[in-house]
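query-v6.cif, holding mmCIF, C-alpha atoms; chains and numbers go by the auth columns:
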```cif
data_final
loop_
_atom_site.group_PDB
_atom_site.id
_atom_site.type_symbol
_atom_site.label_atom_id
_atom_site.label_comp_id
_atom_site.label_asym_id
_atom_site.label_seq_id
_atom_site.Cartn_x
_atom_site.Cartn_y
_atom_site.Cartn_z
_atom_site.B_iso_or_equiv
_atom_site.auth_seq_id
_atom_site.auth_asym_id
ATOM 1 C CA MET A 1 -68.250 101.306 -126.729 0.00 1 A
ATOM 2 C CA THR A 2 -68.191 104.342 -124.471 0.00 2 A
ATOM 3 C CA ASN A 3 -70.941 104.584 -121.878 0.00 3 A
ATOM 4 C CA PRO A 4 -72.676 107.965 -122.397 0.00 4 A
ATOM 5 C CA PHE A 5 -73.749 107.966 -118.733 0.00 5 A
ATOM 6 C CA ARG A 6 -70.260 107.202 -117.475 0.00 6 A
ATOM 7 C CA ASP A 7 -69.516 108.315 -113.929 0.00 7 A
ATOM 8 C CA PHE A 8 -66.403 110.479 -113.668 0.00 8 A
ATOM 9 C CA GLY A 9 -66.085 109.355 -110.059 0.00 9 A
ATOM 10 C CA THR A 10 -64.471 111.747 -107.610 0.00 10 A
ATOM 11 C CA HIS A 11 -61.917 113.002 -110.131 0.00 11 A
ATOM 12 C CA PRO A 12 -62.933 115.395 -112.897 0.00 12 A
ATOM 13 C CA PRO A 13 -61.375 114.666 -116.309 0.00 13 A
ATOM 14 C CA LEU A 14 -58.039 116.271 -117.137 0.00 14 A
ATOM 15 C CA GLY A 15 -57.633 118.444 -120.234 0.00 15 A
ATOM 16 C CA TYR A 16 -54.282 117.193 -121.539 0.00 16 A
ATOM 17 C CA SER A 17 -55.599 114.320 -123.660 0.00 17 A
ATOM 18 C CA PHE A 18 -57.841 115.301 -126.561 0.00 18 A
ATOM 19 C CA ASP A 19 -58.414 114.658 -130.231 0.00 19 A
ATOM 20 C CA VAL A 20 -59.439 117.047 -133.022 0.00 20 A
ATOM 21 C CA GLN A 21 -60.921 115.949 -136.351 0.00 21 A
ATOM 22 C CA ILE A 22 -61.526 118.466 -139.136 0.00 22 A
ATOM 23 C CA GLY A 23 -63.445 117.248 -142.155 0.00 23 A
ATOM 24 C CA PHE A 24 -61.329 114.914 -144.290 0.00 24 A
ATOM 25 C CA PHE A 25 -57.867 116.021 -143.090 0.00 25 A
ATOM 26 C CA PRO A 26 -55.465 113.250 -142.022 0.00 26 A
ATOM 27 C CA GLY A 27 -54.461 112.670 -138.391 0.00 27 A
ATOM 28 C CA ASN A 28 -51.039 114.360 -138.524 0.00 28 A
ATOM 29 C CA ASP A 29 -52.656 117.531 -139.837 0.00 29 A
ATOM 30 C CA CYS A 30 -54.958 117.656 -136.799 0.00 30 A
ATOM 31 C CA ASN A 31 -52.448 117.119 -133.990 0.00 31 A
ATOM 32 C CA PHE A 32 -52.988 120.206 -131.841 0.00 32 A
ATOM 33 C CA SER A 33 -51.395 121.187 -128.552 0.00 33 A
ATOM 34 C CA GLU A 34 -54.176 123.551 -127.503 0.00 34 A
ATOM 35 C CA VAL A 35 -57.870 124.123 -128.168 0.00 35 A
ATOM 36 C CA THR A 36 -59.690 127.224 -126.903 0.00 36 A
ATOM 37 C CA GLY A 37 -63.015 128.886 -127.570 0.00 37 A
ATOM 38 C CA ILE A 38 -65.526 126.170 -126.709 0.00 38 A
ATOM 39 C CA SER A 39 -67.953 128.794 -125.500 0.00 39 A
ATOM 40 C CA LYS A 40 -71.460 130.016 -126.220 0.00 40 A
ATOM 41 C CA SER A 41 -73.754 132.501 -124.552 0.00 41 A
ATOM 42 C CA ILE A 42 -77.085 134.144 -125.095 0.00 42 A
ATOM 43 C CA THR A 43 -77.342 137.792 -126.058 0.00 43 A
ATOM 44 C CA PHE A 44 -80.160 139.845 -124.616 0.00 44 A
ATOM 45 C CA ASP A 45 -81.819 143.244 -124.502 0.00 45 A
ATOM 46 C CA THR A 46 -82.280 144.977 -121.159 0.00 46 A
ATOM 47 C CA VAL A 47 -85.641 146.696 -120.693 0.00 47 A
ATOM 48 C CA TYR A 48 -87.280 148.451 -117.772 0.00 48 A
ATOM 49 C CA GLY A 49 -90.894 147.662 -117.015 0.00 49 A
ATOM 50 C CA GLY A 50 -93.748 150.128 -117.086 0.00 50 A
ATOM 51 C CA GLY A 51 -92.198 153.156 -115.392 0.00 51 A
ATOM 52 C CA ASP A 52 -90.499 151.095 -112.670 0.00 52 A
ATOM 53 C CA ASN A 53 -86.861 152.025 -113.220 0.00 53 A
ATOM 54 C CA SER A 54 -85.708 149.877 -110.303 0.00 54 A
ATOM 55 C CA SER A 55 -86.551 146.601 -112.081 0.00 55 A
ATOM 56 C CA GLN A 56 -84.923 145.433 -115.252 0.00 56 A
ATOM 57 C CA TYR A 57 -85.710 142.493 -117.467 0.00 57 A
ATOM 58 C CA HIS A 58 -83.292 140.660 -119.719 0.00 58 A
ATOM 59 C CA LEU A 59 -85.040 139.539 -122.873 0.00 59 A
ATOM 60 C CA PRO A 60 -83.178 136.763 -124.721 0.00 60 A
ATOM 61 C CA LYS A 61 -82.265 137.338 -128.366 0.00 61 A
ATOM 62 C CA THR A 62 -79.724 135.043 -130.040 0.00 62 A
ATOM 63 C CA THR A 63 -76.971 132.600 -129.208 0.00 63 A
ATOM 64 C CA SER A 64 -73.431 133.913 -129.642 0.00 64 A
ATOM 65 C CA TYR A 65 -70.402 131.666 -130.258 0.00 65 A
ATOM 66 C CA GLU A 66 -66.724 132.363 -129.592 0.00 66 A
ATOM 67 C CA PRO A 67 -64.264 131.482 -132.379 0.00 67 A
ATOM 68 C CA LEU A 68 -62.542 128.107 -132.016 0.00 68 A
ATOM 69 C CA VAL A 69 -58.744 128.512 -131.843 0.00 69 A
ATOM 70 C CA LEU A 70 -56.495 125.512 -132.581 0.00 70 A
ATOM 71 C CA LYS A 71 -52.763 125.683 -131.857 0.00 71 A
ATOM 72 C CA ARG A 72 -49.993 123.330 -132.919 0.00 72 A
ATOM 73 C CA GLY A 73 -46.296 123.282 -133.622 0.00 73 A
ATOM 74 C CA ILE A 74 -45.807 124.568 -137.141 0.00 74 A
ATOM 75 C CA ILE A 75 -45.585 121.782 -139.737 0.00 75 A
ATOM 76 C CA PRO A 76 -42.712 122.414 -142.156 0.00 76 A
ATOM 77 C CA SER A 77 -43.988 119.910 -144.724 0.00 77 A
ATOM 78 C CA PHE A 78 -47.100 120.141 -146.913 0.00 78 A
ATOM 79 C CA SER A 79 -50.300 120.497 -144.905 0.00 79 A
ATOM 80 C CA LEU A 80 -53.783 120.100 -146.410 0.00 80 A
ATOM 81 C CA LEU A 81 -55.245 121.906 -143.398 0.00 81 A
ATOM 82 C CA TYR A 82 -52.934 124.874 -143.950 0.00 82 A
ATOM 83 C CA GLU A 83 -53.761 124.929 -147.674 0.00 83 A
ATOM 84 C CA TRP A 84 -57.521 124.930 -146.952 0.00 84 A
ATOM 85 C CA SER A 85 -57.065 127.701 -144.389 0.00 85 A
ATOM 86 C CA ASN A 86 -54.828 129.775 -146.640 0.00 86 A
ATOM 87 C CA PHE A 87 -57.141 129.368 -149.668 0.00 87 A
ATOM 88 C CA THR A 88 -60.212 130.341 -147.625 0.00 88 A
ATOM 89 C CA ILE A 89 -58.605 133.408 -146.066 0.00 89 A
ATOM 90 C CA ASN A 90 -56.906 134.620 -149.270 0.00 90 A
ATOM 91 C CA GLY A 91 -60.011 134.013 -151.380 0.00 91 A
ATOM 92 C CA GLY A 92 -61.955 136.972 -150.062 0.00 92 A
ATOM 93 C CA LEU A 93 -65.492 137.427 -151.364 0.00 93 A
ATOM 94 C CA LEU A 94 -64.697 136.032 -154.813 0.00 94 A
ATOM 95 C CA SER A 95 -64.035 132.457 -153.659 0.00 95 A
ATOM 96 C CA MET A 96 -66.432 129.880 -152.368 0.00 96 A
ATOM 97 C CA ILE A 97 -65.894 128.962 -148.718 0.00 97 A
ATOM 98 C CA LEU A 98 -65.875 125.231 -148.034 0.00 98 A
ATOM 99 C CA PRO A 99 -67.196 124.793 -144.459 0.00 99 A
ATOM 100 C CA LEU A 100 -66.368 121.525 -142.703 0.00 100 A
ATOM 101 C CA PRO A 101 -67.474 119.805 -139.501 0.00 101 A
ATOM 102 C CA VAL A 102 -65.025 119.852 -136.592 0.00 102 A
ATOM 103 C CA PHE A 103 -65.068 117.324 -133.755 0.00 103 A
ATOM 104 C CA VAL A 104 -63.226 117.893 -130.476 0.00 104 A
ATOM 105 C CA LYS A 105 -63.042 114.947 -128.078 0.00 105 A
ATOM 106 C CA LEU A 106 -61.797 114.941 -124.504 0.00 106 A
ATOM 107 C CA LEU A 107 -60.189 111.531 -123.952 0.00 107 A
ATOM 108 C CA ASP A 108 -59.729 109.318 -120.915 0.00 108 A
ATOM 109 C CA GLU A 109 -56.537 107.450 -120.035 0.00 109 A
ATOM 110 C CA THR A 110 -57.384 104.633 -122.479 0.00 110 A
ATOM 111 C CA GLY A 111 -58.102 106.957 -125.419 0.00 111 A
ATOM 112 C CA ASP A 112 -61.902 106.690 -125.276 0.00 112 A
ATOM 113 C CA ALA A 113 -63.976 109.846 -125.616 0.00 113 A
ATOM 114 C CA LEU A 114 -65.349 111.175 -122.341 0.00 114 A
ATOM 115 C CA VAL A 115 -66.956 114.272 -123.831 0.00 115 A
ATOM 116 C CA SER A 116 -67.269 115.316 -127.492 0.00 116 A
ATOM 117 C CA TRP A 117 -68.350 118.483 -129.255 0.00 117 A
ATOM 118 C CA MET A 118 -69.359 118.941 -132.886 0.00 118 A
ATOM 119 C CA PHE A 119 -68.873 122.334 -134.549 0.00 119 A
ATOM 120 C CA SER A 120 -71.057 122.785 -137.639 0.00 120 A
ATOM 121 C CA ASN A 121 -70.023 124.614 -140.817 0.00 121 A
ATOM 122 C CA ALA A 122 -66.572 125.654 -139.571 0.00 122 A
ATOM 123 C CA TYR A 123 -64.193 127.644 -141.749 0.00 123 A
ATOM 124 C CA PRO A 124 -60.881 129.403 -141.059 0.00 124 A
ATOM 125 C CA THR A 125 -60.866 133.154 -140.437 0.00 125 A
ATOM 126 C CA LYS A 126 -57.320 133.705 -139.177 0.00 126 A
ATOM 127 C CA LEU A 127 -53.855 132.132 -139.510 0.00 127 A
ATOM 128 C CA GLU A 128 -51.166 133.225 -137.095 0.00 128 A
ATOM 129 C CA VAL A 129 -47.571 132.185 -136.390 0.00 129 A
ATOM 130 C CA SER A 130 -45.946 132.866 -133.016 0.00 130 A
ATOM 131 C CA GLU A 131 -43.013 135.224 -132.568 0.00 131 A
ATOM 132 C CA PHE A 132 -39.435 134.257 -133.380 0.00 132 A
ATOM 133 C CA LYS A 133 -37.040 135.100 -130.535 0.00 133 A
ATOM 134 C CA ALA A 134 -33.326 134.369 -130.688 0.00 134 A
ATOM 135 C CA ALA A 135 -33.087 134.522 -126.886 0.00 135 A
ATOM 136 C CA GLU A 136 -35.628 131.725 -126.317 0.00 136 A
ATOM 137 C CA ASN A 137 -35.607 128.058 -127.243 0.00 137 A
ATOM 138 C CA VAL A 138 -39.333 127.467 -127.908 0.00 138 A
ATOM 139 C CA VAL A 139 -41.432 125.674 -130.504 0.00 139 A
ATOM 140 C CA VAL A 140 -42.923 127.879 -133.232 0.00 140 A
ATOM 141 C CA ILE A 141 -46.710 127.724 -132.830 0.00 141 A
ATOM 142 C CA GLU A 142 -49.218 127.990 -135.658 0.00 142 A
ATOM 143 C CA SER A 143 -52.742 129.119 -134.673 0.00 143 A
ATOM 144 C CA ILE A 144 -55.809 128.551 -136.811 0.00 144 A
ATOM 145 C CA THR A 145 -58.985 130.405 -135.837 0.00 145 A
ATOM 146 C CA LEU A 146 -62.294 128.959 -137.024 0.00 146 A
ATOM 147 C CA ASN A 147 -65.769 130.452 -137.033 0.00 147 A
ATOM 148 C CA TYR A 148 -68.772 128.145 -137.217 0.00 148 A
ATOM 149 C CA SER A 149 -72.584 128.155 -137.241 0.00 149 A
ATOM 150 C CA SER A 150 -73.169 126.325 -133.958 0.00 150 A
ATOM 151 C CA PHE A 151 -71.787 123.652 -131.678 0.00 151 A
ATOM 152 C CA ASP A 152 -73.299 120.954 -129.514 0.00 152 A
ATOM 153 C CA ARG A 153 -72.007 118.529 -126.968 0.00 153 A
ATOM 154 C CA ILE A 154 -72.672 115.131 -128.496 0.00 154 A
ATOM 155 C CA ILE A 155 -71.383 112.861 -125.690 0.00 155 A
#
```

Rewrite the structure of this file - the entire thing - as structure tokens.
Amino acid sequence: MTNPFRDFGTHPPLGYSFDVQIGFFPGNDCNFSEVTGISKSITFDTVYGGGDNSSQYHLPKTTSYEPLVLKRGIIPSFSLLYEWSNFTINGGLLSMILPLPVFVKLLDETGDALVSWMFSNAYPTKLEVSEFKAAENVVVIESITLNYSSFDRII
């Protein structure tokens, strides 16, 4: 069992070892090489007080979340994750969107979670495939962008 009050010692954790779980999709479907967008901020209104134009106040409004972007080498075989993403994006307003929970875990050297985040009610909003270039020998990357209701750090 992972100690939630674990001391990272003098070395901060490295970001190369992580795990992503999306709803009911199998492990191979969720092998990503990059995760970005774990970010939230508060929006606010700026007001000036009572005729004093030299002082401004920032009144908090709502929390704003960046989209979560998952990148992986494109999978040439059948992918349930791709099918869910494609169905959701192609469905438009006439189809029901099936939101799913997403878990992102930063792992230590033994594979235990150091830090975890849970994204609630996530659904795909963009599918993108990287460029093809005859002059370069690179892996073709598939990006899936997800929007969600909120996220919290759970460990």

Proximity to Val69 in chain A - best of A:Leu94, A:Glu128, A:Ser143, A:Ala135, all atoms listed in the file: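 Ranked by minimum distance to Val69 in chain A, first place goes to A:Ser143.
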
Nearest to Asp19 in chain A, chosen from A:Glu34, A:Asp45, A:Asp152, A:Glu66, with all atoms listed in the file counted in the distances: A:Glu34

Selection result for the PyMOL selection byres ((chain A and resi 114-120) around 10) on this file, as number ranges by chain: A: 2-8, 13, 18-22, 38, 68, 99-109, 111-113, 121-123, 146-155

Close residues, Val129 in chain A itself excluded, 12 Å, all atoms listed in the file, min 3 positions apart in chain, as a VMD selection string: chain A and resid 70 to 75 82 126 132 139 to 145

Selected residue, from A:Asn28, A:Ser41, A:Thr62, A:Thr125, that lies nearest to Ser85 in chain A when counting only C-alpha atoms: A:Thr125

Length of the CA of Met96 in chain A to CA of Glu83 in chain A vector [Å]: 14.4 Å

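Across the structure, CA of Gly49 in chain A and CA of Lys61 in chain A are spaced 17.6 Å apart.
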
Atomic separation - CA of Thr110 in chain A relative to CA of Pro26 in chain A, Å: 21.4 Å

12 Å contact set for Thr46 in chain A, all atoms listed in the file, chain neighbours under 6 positions out, as a list in words: Asn53, Ser55, Gln56, Tyr57, His58, Leu59, Pro60 and Lys61 of chain A

Take the residues from that selection and write them out as a PDB file, keeping the file's coordinate frame, keeping C-alpha atoms.
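File selection-v7.pdb, as written:
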```pdb
ATOM      1  CA  ASN A  53     -86.861 152.025-113.220  1.00  0.00           C
ATOM      2  CA  SER A  55     -86.551 146.601-112.081  1.00  0.00           C
ATOM      3  CA  GLN A  56     -84.923 145.433-115.252  1.00  0.00           C
ATOM      4  CA  TYR A  57     -85.710 142.493-117.467  1.00  0.00           C
ATOM      5  CA  HIS A  58     -83.292 140.660-119.719  1.00  0.00           C
ATOM      6  CA  LEU A  59     -85.040 139.539-122.873  1.00  0.00           C
ATOM      7  CA  PRO A  60     -83.178 136.763-124.721  1.00  0.00           C
ATOM      8  CA  LYS A  61     -82.265 137.338-128.366  1.00  0.00           C
TER       9      LYS A  61
END
```

Centre and edges of the range 51-62 of chain A box, axis-aligned, 4 Å extra per side, as lines of an AutoDock Vina configuration file:
```
center_x = -86.0
center_y = 144.1
center_z = -120.2
size_x = 20.5
size_y = 26.1
size_z = 27.7
```
